[in-house]
>>> print(open('input_22.tsv').read())   # TSV, C-alpha atoms
chain	number	residue	atom	x	y	z
L	1	MET	CA	0.47	-18.52	5.15
L	2	HIS	CA	-1.77	-21.46	4.46
L	3	PHE	CA	-5.08	-20.64	2.80
L	4	ASN	CA	-7.90	-22.98	1.96
L	5	PRO	CA	-8.18	-23.82	-1.77
L	6	TYR	CA	-10.53	-20.92	-2.42
L	7	GLY	CA	-8.81	-18.28	-0.32
L	8	GLY	CA	-5.41	-19.24	-1.72
L	9	ALA	CA	-5.50	-20.68	-5.21
L	10	ALA	CA	-8.72	-19.00	-6.25
L	11	ALA	CA	-7.70	-15.61	-4.88
L	12	GLN	CA	-4.33	-15.94	-6.60
L	13	ILE	CA	-6.08	-16.74	-9.88
L	14	ALA	CA	-8.19	-13.62	-9.35
L	15	ALA	CA	-4.99	-11.58	-8.92
L	16	ASP	CA	-3.39	-13.19	-11.97
L	17	LEU	CA	-6.46	-12.42	-14.07
L	18	VAL	CA	-6.47	-8.79	-12.96
L	19	ASN	CA	-2.77	-8.46	-13.73
L	20	LEU	CA	-3.28	-9.75	-17.28
L	21	GLY	CA	-5.27	-6.62	-18.02
L	22	ASP	CA	-7.92	-5.83	-20.59
L	23	THR	CA	-6.03	-7.26	-23.55
L	24	ALA	CA	-5.92	-10.86	-22.33
L	25	GLY	CA	-6.85	-13.33	-25.01
L	26	PRO	CA	-7.93	-16.96	-24.93
L	27	ALA	CA	-4.35	-18.31	-24.88
L	28	GLU	CA	-3.26	-16.21	-21.89
L	29	LEU	CA	-6.41	-17.04	-19.97
L	30	THR	CA	-6.09	-20.75	-20.71
L	31	ALA	CA	-2.49	-20.63	-19.44
L	32	ILE	CA	-3.61	-19.11	-16.12
L	33	PHE	CA	-6.09	-21.92	-15.53
L	34	LYS	CA	-3.77	-24.72	-16.62
L	35	ASP	CA	-2.95	-27.03	-13.71
L	36	ARG	CA	-4.96	-24.83	-11.34
L	37	MET	CA	-8.55	-25.26	-12.49
L	38	THR	CA	-10.23	-27.84	-14.64
L	39	VAL	CA	-10.90	-25.59	-17.59
L	40	ALA	CA	-10.63	-26.53	-21.24
L	41	ALA	CA	-9.27	-24.03	-23.73
L	42	VAL	CA	-10.93	-20.65	-23.28
L	43	LEU	CA	-12.86	-19.61	-26.38
L	44	PRO	CA	-12.83	-16.00	-27.70
L	45	PRO	CA	-16.38	-15.14	-26.51
L	46	GLU	CA	-15.55	-16.60	-23.07
L	47	ALA	CA	-12.34	-14.56	-22.97
L	48	THR	CA	-14.33	-11.37	-23.51
L	49	GLU	CA	-16.68	-12.22	-20.63
L	50	ILE	CA	-13.80	-13.19	-18.33
L	51	VAL	CA	-11.94	-9.94	-19.05
L	52	THR	CA	-15.10	-7.99	-18.22
L	53	TRP	CA	-15.33	-9.95	-14.94
L	54	THR	CA	-11.71	-9.16	-14.09
L	55	ARG	CA	-12.48	-5.45	-14.09
L	56	ARG	CA	-14.84	-6.13	-11.21
L	57	LEU	CA	-12.21	-8.26	-9.47
L	58	ARG	CA	-9.76	-5.35	-9.68
L	59	GLN	CA	-12.25	-3.14	-7.82
L	60	VAL	CA	-12.01	-5.51	-4.84
L	61	PHE	CA	-8.20	-5.29	-4.74
L	62	GLU	CA	-8.30	-1.49	-5.03
L	63	ALA	CA	-11.10	-0.89	-2.51
L	64	ALA	CA	-10.69	0.10	1.10
L	65	PRO	CA	-11.12	-2.90	3.42
L	66	THR	CA	-14.50	-1.59	4.57
L	67	ALA	CA	-15.84	-1.51	1.00
L	68	ARG	CA	-14.60	-4.96	0.01
L	69	VAL	CA	-17.43	-6.86	1.67
L	70	ASP	CA	-20.10	-5.22	-0.47
L	71	LEU	CA	-18.06	-5.65	-3.65
L	72	VAL	CA	-17.43	-9.34	-2.98
L	73	ASN	CA	-21.06	-9.93	-2.01
L	74	ALA	CA	-22.05	-8.47	-5.39
L	75	LEU	CA	-19.57	-10.80	-7.13
L	76	LEU	CA	-20.96	-13.79	-5.25
L	77	HIS	CA	-24.50	-12.79	-6.15
L	78	ASP	CA	-23.68	-12.29	-9.82
L	79	SER	CA	-21.66	-15.49	-10.07
L	80	ALA	CA	-24.80	-17.49	-9.21
L	81	SER	CA	-22.71	-19.33	-6.68
L	82	LYS	CA	-24.36	-22.50	-5.38
L	83	PRO	CA	-21.99	-24.14	-2.89
L	84	TYR	CA	-21.94	-27.91	-2.54
L	85	ILE	CA	-19.60	-30.52	-1.11
L	86	SER	CA	-17.66	-32.60	-3.60
L	87	THR	CA	-15.62	-35.79	-3.20
L	88	HIS	CA	-14.26	-36.18	-6.72
L	89	ASP	CA	-10.99	-37.88	-7.71
L	90	GLY	CA	-10.58	-39.61	-4.35
L	91	LYS	CA	-10.13	-36.28	-2.55
L	92	ALA	CA	-11.51	-35.60	0.90
L	93	PRO	CA	-14.85	-33.77	0.98
L	94	HIS	CA	-14.35	-30.17	-0.05
L	95	LEU	CA	-16.46	-27.20	-1.08
L	96	HIS	CA	-17.23	-26.25	-4.67
L	97	TYR	CA	-19.10	-23.10	-5.62
L	98	VAL	CA	-20.60	-24.09	-8.94
L	99	ASP	CA	-21.51	-27.33	-10.69
L	100	ALA	CA	-18.58	-28.98	-12.45
L	101	GLN	CA	-20.70	-29.13	-15.62
L	102	ALA	CA	-21.16	-25.35	-15.69
L	103	GLY	CA	-19.49	-23.41	-18.47
L	104	THR	CA	-16.02	-21.92	-18.20
L	105	VAL	CA	-17.19	-18.37	-17.50
L	106	SER	CA	-19.56	-19.48	-14.73
L	107	ARG	CA	-16.86	-21.58	-13.13
L	108	VAL	CA	-14.26	-18.79	-13.27
L	109	ARG	CA	-16.71	-16.31	-11.79
L	110	ALA	CA	-17.74	-18.60	-8.93
L	111	TYR	CA	-14.17	-19.71	-8.19
L	112	THR	CA	-12.68	-16.22	-8.09
L	113	ALA	CA	-15.61	-14.71	-6.19
L	114	GLY	CA	-15.42	-17.55	-3.66
L	115	GLY	CA	-11.66	-17.09	-3.33
L	116	LEU	CA	-11.95	-13.39	-2.66
L	117	ALA	CA	-14.80	-14.04	-0.21
L	118	HIS	CA	-12.61	-16.38	1.82
L	119	LEU	CA	-9.76	-13.90	1.69
L	120	VAL	CA	-11.95	-10.99	2.84
L	121	CYS	CA	-13.25	-13.10	5.74
L	122	ASP	CA	-10.05	-14.90	6.76
L	123	ALA	CA	-7.27	-12.43	5.94
L	124	PRO	CA	-8.61	-9.07	4.77
L	125	ASP	CA	-5.24	-7.36	5.07
L	126	ARG	CA	-3.40	-9.87	2.90
L	127	PHE	CA	-4.16	-8.54	-0.55
L	128	GLY	CA	-4.10	-5.27	-2.39
L	129	VAL	CA	-2.39	-3.14	-5.01
L	130	CYS	CA	1.37	-2.57	-5.10
L	131	SER	CA	2.43	0.46	-3.04
L	132	ARG	CA	5.02	1.65	-5.56
L	133	GLU	CA	3.79	4.79	-7.27
L	134	GLY	CA	2.91	4.03	-10.87
L	135	CYS	CA	2.54	0.26	-10.37
L	136	ASP	CA	-0.98	-1.09	-10.49
L	137	THR	CA	-0.14	-4.77	-10.07
L	138	VAL	CA	-2.30	-6.59	-7.52
L	139	TYR	CA	-1.11	-9.31	-5.15
L	140	VAL	CA	-2.21	-11.88	-2.60
L	141	ASP	CA	0.16	-11.94	0.38
L	142	VAL	CA	1.11	-15.50	1.34
L	143	SER	CA	4.22	-14.45	3.27
L	144	ARG	CA	4.78	-15.67	6.80
L	145	ASN	CA	4.58	-12.26	8.45
L	146	GLY	CA	1.75	-10.84	6.29
L	147	ARG	CA	3.32	-7.43	5.83
L	148	ARG	CA	3.58	-7.35	2.06
L	149	ARG	CA	3.00	-3.96	0.43
L	150	PHE	CA	4.55	-4.51	-2.99
L	151	CYS	CA	3.81	-6.83	-5.89
L	152	SER	CA	7.43	-7.99	-6.13
L	153	THR	CA	10.85	-7.59	-4.60
L	154	ARG	CA	11.77	-5.48	-7.63
L	155	CYS	CA	9.13	-2.84	-6.80
L	156	ALA	CA	10.03	-2.96	-3.10
L	157	THR	CA	13.70	-2.48	-3.90
L	158	ARG	CA	12.99	0.49	-6.17
L	159	VAL	CA	11.04	2.24	-3.41
L	160	HIS	CA	13.60	1.45	-0.71
L	161	VAL	CA	16.53	2.60	-2.86
L	162	ALA	CA	14.71	5.84	-3.74
L	163	ASP	CA	13.92	6.42	-0.05
L	164	HIS	CA	17.56	5.76	0.85
L	165	ARG	CA	18.82	8.18	-1.79
L	166	THR	CA	16.38	10.84	-0.57
L	167	ARG	CA	17.64	10.44	3.02
L	168	GLN	CA	21.29	10.58	1.90
L	169	ALA	CA	20.69	13.76	-0.09
L	170	SER	CA	19.22	15.54	2.94
>>> encode(input="input_22.tsv", output="structure tokens")
Amino acid sequence: MHFNPYGGAAAQIAADLVNLGDTAGPAELTAIFKDRMTVAAVLPPEATEIVTWTRRLRQVFEAAPTARVDLVNALLHDSASKPYISTHDGKAPHLHYVDAQAGTVSRVRAYTAGGLAHLVCDAPDRFGVCSREGCDTVYVDVSRNGRRRFCSTRCATRVHVADHRTRQAS
């Protein structure tokens, strides 16, 4: 499925941040942003703030679809998002959610909140938490049919094999 830059790339970055967990350090965070966002190396104090933010991002992935709107609105409010149209680097006019000169934490907050906002509005059933019991990995579904329930084919296979074995034993 084709998403706009916020609903796709930004939402995927939100998922990747959540999946890093609470122990993510500056190096892991910098690696997530590399080639996807214009972010210099993440500093230790910024890493702490970003990890705190990702706990709030996780709540959106875990929430029922009806509760996601309020959670994302709170993220947008707290990210101090100020949308504007940009035409940098010879690109066609496109939307940015925070000034390019803003600090790393502000930019990550605005980008991920904007991405989840687009996803909630455009494709609210295309993200969530893996359906395999015991797996808490989050995902953004970019598949053609939009029926993803698992974070990976590995988790899906485990569930399907277990279900098959249960049926065969009966």
>>> residues_around(input="input_22.tsv", residues="Thr23 (chain L)", least_positions_apart="6", cutoff="10 Å", atoms="only C-alpha atoms", output="list in words")
Ala47, Thr48 and Val51 of chain L
>>> write_last_selection(input="input_22.tsv", atoms="C-alpha atoms", output="PDB file, in the frame of the given file")
ATOM      1  CA  ALA L  47     -12.340 -14.560 -22.970  1.00  0.00           C
ATOM      2  CA  THR L  48     -14.330 -11.370 -23.510  1.00  0.00           C
ATOM      3  CA  VAL L  51     -11.940  -9.940 -19.050  1.00  0.00           C
TER       4      VAL L  51
END
>>> closest_residue(input="input_22.tsv", among="L:Cys130, L:Ala92, L:Ala100, L:Ala110", to="Ala80 (chain L)", atoms="all atoms listed in the file")
L:Ala110
>>> residues_around(input="input_22.tsv", residues="Asn145 (chain L)", least_positions_apart="2", cutoff="12 Å", atoms="all atoms listed in the file", output="number ranges by chain")
L: 1-2, 125-126, 141-143, 147-149
>>> residues_around(input="input_22.tsv", residues="Pro45 (chain L)", least_positions_apart="3", cutoff="12 Å", atoms="only C-alpha atoms", output="ChimeraX atom specification")
/L:25-26,41-42,48-52,103-105
>>> atom_distance(input="input_22.tsv", atom1="CA of Ser106 (chain L)", atom2="CA of Trp53 (chain L)")
10.4 Å
>>> atom_distance(input="input_22.tsv", atom1="CA of Gly114 (chain L)", atom2="CA of Ser81 (chain L)")
8.1 Å
>>> residues_around(input="input_22.tsv", residues="region 61-66 of chain L", least_positions_apart="3", cutoff="12 Å", atoms="only C-alpha atoms", output="PyMOL selection string")
chain L and resi 11-12+14-19+54-58+69-72+116-117+119-121+123-131+136-141
>>> axis_aligned_box(input="input_22.tsv", around="region 160-165 of chain L", padding_each_side="5 Å", output="JSON")
{"center_x": 16.2, "center_y": 4.8, "center_z": -1.4, "size_x": 15.2, "size_y": 16.7, "size_z": 14.6}
>>> atom_distance(input="input_22.tsv", atom1="CA of Lys91 (chain L)", atom2="CA of Arg144 (chain L)")
27.1 Å
>>> closest_residue(input="input_22.tsv", among="L:Val108, L:Val161, L:Cys151, L:Ala31", to="Ala10 (chain L)", atoms="all atoms listed in the file")
L:Val108
>>> decode(input="input_22.tsv", residues="region 16-55 of chain L", atoms="N, CA and C atoms", output="PDB file, in the first residue's frame")
ATOM      1  N   ASP L  16       9.403   1.231  14.556  1.00  0.00           N
ATOM      2  CA  ASP L  16      10.787   0.814  14.816  1.00  0.00           C
ATOM      3  C   ASP L  16      11.278   1.317  16.167  1.00  0.00           C
ATOM      4  N   LEU L  17      10.909   2.544  16.512  1.00  0.00           N
ATOM      5  CA  LEU L  17      11.296   3.080  17.819  1.00  0.00           C
ATOM      6  C   LEU L  17      10.670   2.272  18.945  1.00  0.00           C
ATOM      7  N   VAL L  18       9.387   1.968  18.814  1.00  0.00           N
ATOM      8  CA  VAL L  18       8.693   1.189  19.839  1.00  0.00           C
ATOM      9  C   VAL L  18       9.352  -0.179  19.990  1.00  0.00           C
ATOM     10  N   ASN L  19       9.698  -0.795  18.868  1.00  0.00           N
ATOM     11  CA  ASN L  19      10.275  -2.135  18.916  1.00  0.00           C
ATOM     12  C   ASN L  19      11.692  -2.165  19.473  1.00  0.00           C
ATOM     13  N   LEU L  20      12.369  -1.023  19.497  1.00  0.00           N
ATOM     14  CA  LEU L  20      13.695  -0.975  20.140  1.00  0.00           C
ATOM     15  C   LEU L  20      13.590  -1.175  21.636  1.00  0.00           C
ATOM     16  N   GLY L  21      12.504  -0.712  22.216  1.00  0.00           N
ATOM     17  CA  GLY L  21      12.303  -0.882  23.647  1.00  0.00           C
ATOM     18  C   GLY L  21      12.941   0.210  24.481  1.00  0.00           C
ATOM     19  N   ASP L  22      12.875   0.009  25.780  1.00  0.00           N
ATOM     20  CA  ASP L  22      13.321   1.017  26.745  1.00  0.00           C
ATOM     21  C   ASP L  22      14.830   1.109  26.898  1.00  0.00           C
ATOM     22  N   THR L  23      15.556   0.182  26.327  1.00  0.00           N
ATOM     23  CA  THR L  23      17.009   0.189  26.523  1.00  0.00           C
ATOM     24  C   THR L  23      17.751   0.783  25.335  1.00  0.00           C
ATOM     25  N   ALA L  24      17.033   1.368  24.395  1.00  0.00           N
ATOM     26  CA  ALA L  24      17.673   1.935  23.208  1.00  0.00           C
ATOM     27  C   ALA L  24      18.613   3.065  23.594  1.00  0.00           C
ATOM     28  N   GLY L  25      19.785   3.021  23.024  1.00  0.00           N
ATOM     29  CA  GLY L  25      20.771   4.060  23.278  1.00  0.00           C
ATOM     30  C   GLY L  25      20.954   4.946  22.060  1.00  0.00           C
ATOM     31  N   PRO L  26      21.825   5.918  22.170  1.00  0.00           N
ATOM     32  CA  PRO L  26      22.054   6.859  21.067  1.00  0.00           C
ATOM     33  C   PRO L  26      22.423   6.181  19.739  1.00  0.00           C
ATOM     34  N   ALA L  27      23.252   5.161  19.786  1.00  0.00           N
ATOM     35  CA  ALA L  27      23.683   4.501  18.538  1.00  0.00           C
ATOM     36  C   ALA L  27      22.514   3.820  17.829  1.00  0.00           C
ATOM     37  N   GLU L  28      21.681   3.105  18.581  1.00  0.00           N
ATOM     38  CA  GLU L  28      20.530   2.425  17.968  1.00  0.00           C
ATOM     39  C   GLU L  28      19.533   3.432  17.413  1.00  0.00           C
ATOM     40  N   LEU L  29      19.313   4.498  18.130  1.00  0.00           N
ATOM     41  CA  LEU L  29      18.377   5.521  17.665  1.00  0.00           C
ATOM     42  C   LEU L  29      18.913   6.223  16.424  1.00  0.00           C
ATOM     43  N   THR L  30      20.176   6.552  16.425  1.00  0.00           N
ATOM     44  CA  THR L  30      20.787   7.183  15.255  1.00  0.00           C
ATOM     45  C   THR L  30      20.650   6.275  14.041  1.00  0.00           C
ATOM     46  N   ALA L  31      20.831   4.972  14.228  1.00  0.00           N
ATOM     47  CA  ALA L  31      20.727   4.020  13.113  1.00  0.00           C
ATOM     48  C   ALA L  31      19.314   3.997  12.531  1.00  0.00           C
ATOM     49  N   ILE L  32      18.299   4.123  13.375  1.00  0.00           N
ATOM     50  CA  ILE L  32      16.918   4.136  12.879  1.00  0.00           C
ATOM     51  C   ILE L  32      16.667   5.349  11.982  1.00  0.00           C
ATOM     52  N   PHE L  33      17.231   6.475  12.341  1.00  0.00           N
ATOM     53  CA  PHE L  33      16.982   7.704  11.594  1.00  0.00           C
ATOM     54  C   PHE L  33      17.842   7.820  10.341  1.00  0.00           C
ATOM     55  N   LYS L  34      18.933   7.097  10.302  1.00  0.00           N
ATOM     56  CA  LYS L  34      19.860   7.186   9.171  1.00  0.00           C
ATOM     57  C   LYS L  34      19.128   6.903   7.858  1.00  0.00           C
ATOM     58  N   ASP L  35      19.310   7.755   6.904  1.00  0.00           N
ATOM     59  CA  ASP L  35      18.717   7.641   5.569  1.00  0.00           C
ATOM     60  C   ASP L  35      17.198   7.775   5.558  1.00  0.00           C
ATOM     61  N   ARG L  36      16.577   8.054   6.689  1.00  0.00           N
ATOM     62  CA  ARG L  36      15.126   8.173   6.731  1.00  0.00           C
ATOM     63  C   ARG L  36      14.668   9.533   7.246  1.00  0.00           C
ATOM     64  N   MET L  37      15.509  10.164   8.013  1.00  0.00           N
ATOM     65  CA  MET L  37      15.235  11.490   8.575  1.00  0.00           C
ATOM     66  C   MET L  37      16.558  12.222   8.638  1.00  0.00           C
ATOM     67  N   THR L  38      16.510  13.513   8.470  1.00  0.00           N
ATOM     68  CA  THR L  38      17.731  14.295   8.593  1.00  0.00           C
ATOM     69  C   THR L  38      17.974  14.568  10.065  1.00  0.00           C
ATOM     70  N   VAL L  39      18.673  13.643  10.697  1.00  0.00           N
ATOM     71  CA  VAL L  39      18.978  13.747  12.116  1.00  0.00           C
ATOM     72  C   VAL L  39      20.458  13.442  12.298  1.00  0.00           C
ATOM     73  N   ALA L  40      21.147  14.320  12.978  1.00  0.00           N
ATOM     74  CA  ALA L  40      22.550  14.065  13.308  1.00  0.00           C
ATOM     75  C   ALA L  40      22.591  12.980  14.380  1.00  0.00           C
ATOM     76  N   ALA L  41      23.752  12.660  14.839  1.00  0.00           N
ATOM     77  CA  ALA L  41      23.893  11.649  15.883  1.00  0.00           C
ATOM     78  C   ALA L  41      23.060  12.040  17.106  1.00  0.00           C
ATOM     79  N   VAL L  42      22.319  11.082  17.612  1.00  0.00           N
ATOM     80  CA  VAL L  42      21.485  11.307  18.795  1.00  0.00           C
ATOM     81  C   VAL L  42      22.384  11.318  20.030  1.00  0.00           C
ATOM     82  N   LEU L  43      22.245  12.335  20.835  1.00  0.00           N
ATOM     83  CA  LEU L  43      23.037  12.470  22.053  1.00  0.00           C
ATOM     84  C   LEU L  43      22.354  11.741  23.210  1.00  0.00           C
ATOM     85  N   PRO L  44      23.111  11.335  24.248  1.00  0.00           N
ATOM     86  CA  PRO L  44      22.503  10.598  25.370  1.00  0.00           C
ATOM     87  C   PRO L  44      21.278  11.263  25.999  1.00  0.00           C
ATOM     88  N   PRO L  45      21.286  12.580  26.269  1.00  0.00           N
ATOM     89  CA  PRO L  45      20.065  13.169  26.854  1.00  0.00           C
ATOM     90  C   PRO L  45      18.877  13.115  25.885  1.00  0.00           C
ATOM     91  N   GLU L  46      19.168  13.256  24.587  1.00  0.00           N
ATOM     92  CA  GLU L  46      18.100  13.159  23.576  1.00  0.00           C
ATOM     93  C   GLU L  46      17.560  11.739  23.524  1.00  0.00           C
ATOM     94  N   ALA L  47      18.438  10.762  23.651  1.00  0.00           N
ATOM     95  CA  ALA L  47      18.016   9.354  23.624  1.00  0.00           C
ATOM     96  C   ALA L  47      17.033   9.074  24.756  1.00  0.00           C
ATOM     97  N   THR L  48      17.313   9.608  25.922  1.00  0.00           N
ATOM     98  CA  THR L  48      16.423   9.418  27.070  1.00  0.00           C
ATOM     99  C   THR L  48      15.038   9.995  26.782  1.00  0.00           C
ATOM    100  N   GLU L  49      14.999  11.189  26.214  1.00  0.00           N
ATOM    101  CA  GLU L  49      13.712  11.817  25.894  1.00  0.00           C
ATOM    102  C   GLU L  49      12.967  11.053  24.799  1.00  0.00           C
ATOM    103  N   ILE L  50      13.700  10.563  23.810  1.00  0.00           N
ATOM    104  CA  ILE L  50      13.069   9.824  22.711  1.00  0.00           C
ATOM    105  C   ILE L  50      12.492   8.510  23.229  1.00  0.00           C
ATOM    106  N   VAL L  51      13.228   7.822  24.098  1.00  0.00           N
ATOM    107  CA  VAL L  51      12.729   6.561  24.663  1.00  0.00           C
ATOM    108  C   VAL L  51      11.454   6.810  25.471  1.00  0.00           C
ATOM    109  N   THR L  52      11.426   7.889  26.219  1.00  0.00           N
ATOM    110  CA  THR L  52      10.211   8.238  26.968  1.00  0.00           C
ATOM    111  C   THR L  52       9.048   8.466  25.998  1.00  0.00           C
ATOM    112  N   TRP L  53       9.308   9.147  24.895  1.00  0.00           N
ATOM    113  CA  TRP L  53       8.291   9.397  23.868  1.00  0.00           C
ATOM    114  C   TRP L  53       7.786   8.087  23.265  1.00  0.00           C
ATOM    115  N   THR L  54       8.690   7.127  23.062  1.00  0.00           N
ATOM    116  CA  THR L  54       8.277   5.877  22.422  1.00  0.00           C
ATOM    117  C   THR L  54       7.300   5.081  23.285  1.00  0.00           C
ATOM    118  N   ARG L  55       7.340   5.280  24.577  1.00  0.00           N
ATOM    119  CA  ARG L  55       6.349   4.616  25.440  1.00  0.00           C
ATOM    120  C   ARG L  55       4.950   5.113  25.100  1.00  0.00           C
TER     121      ARG L  55
END
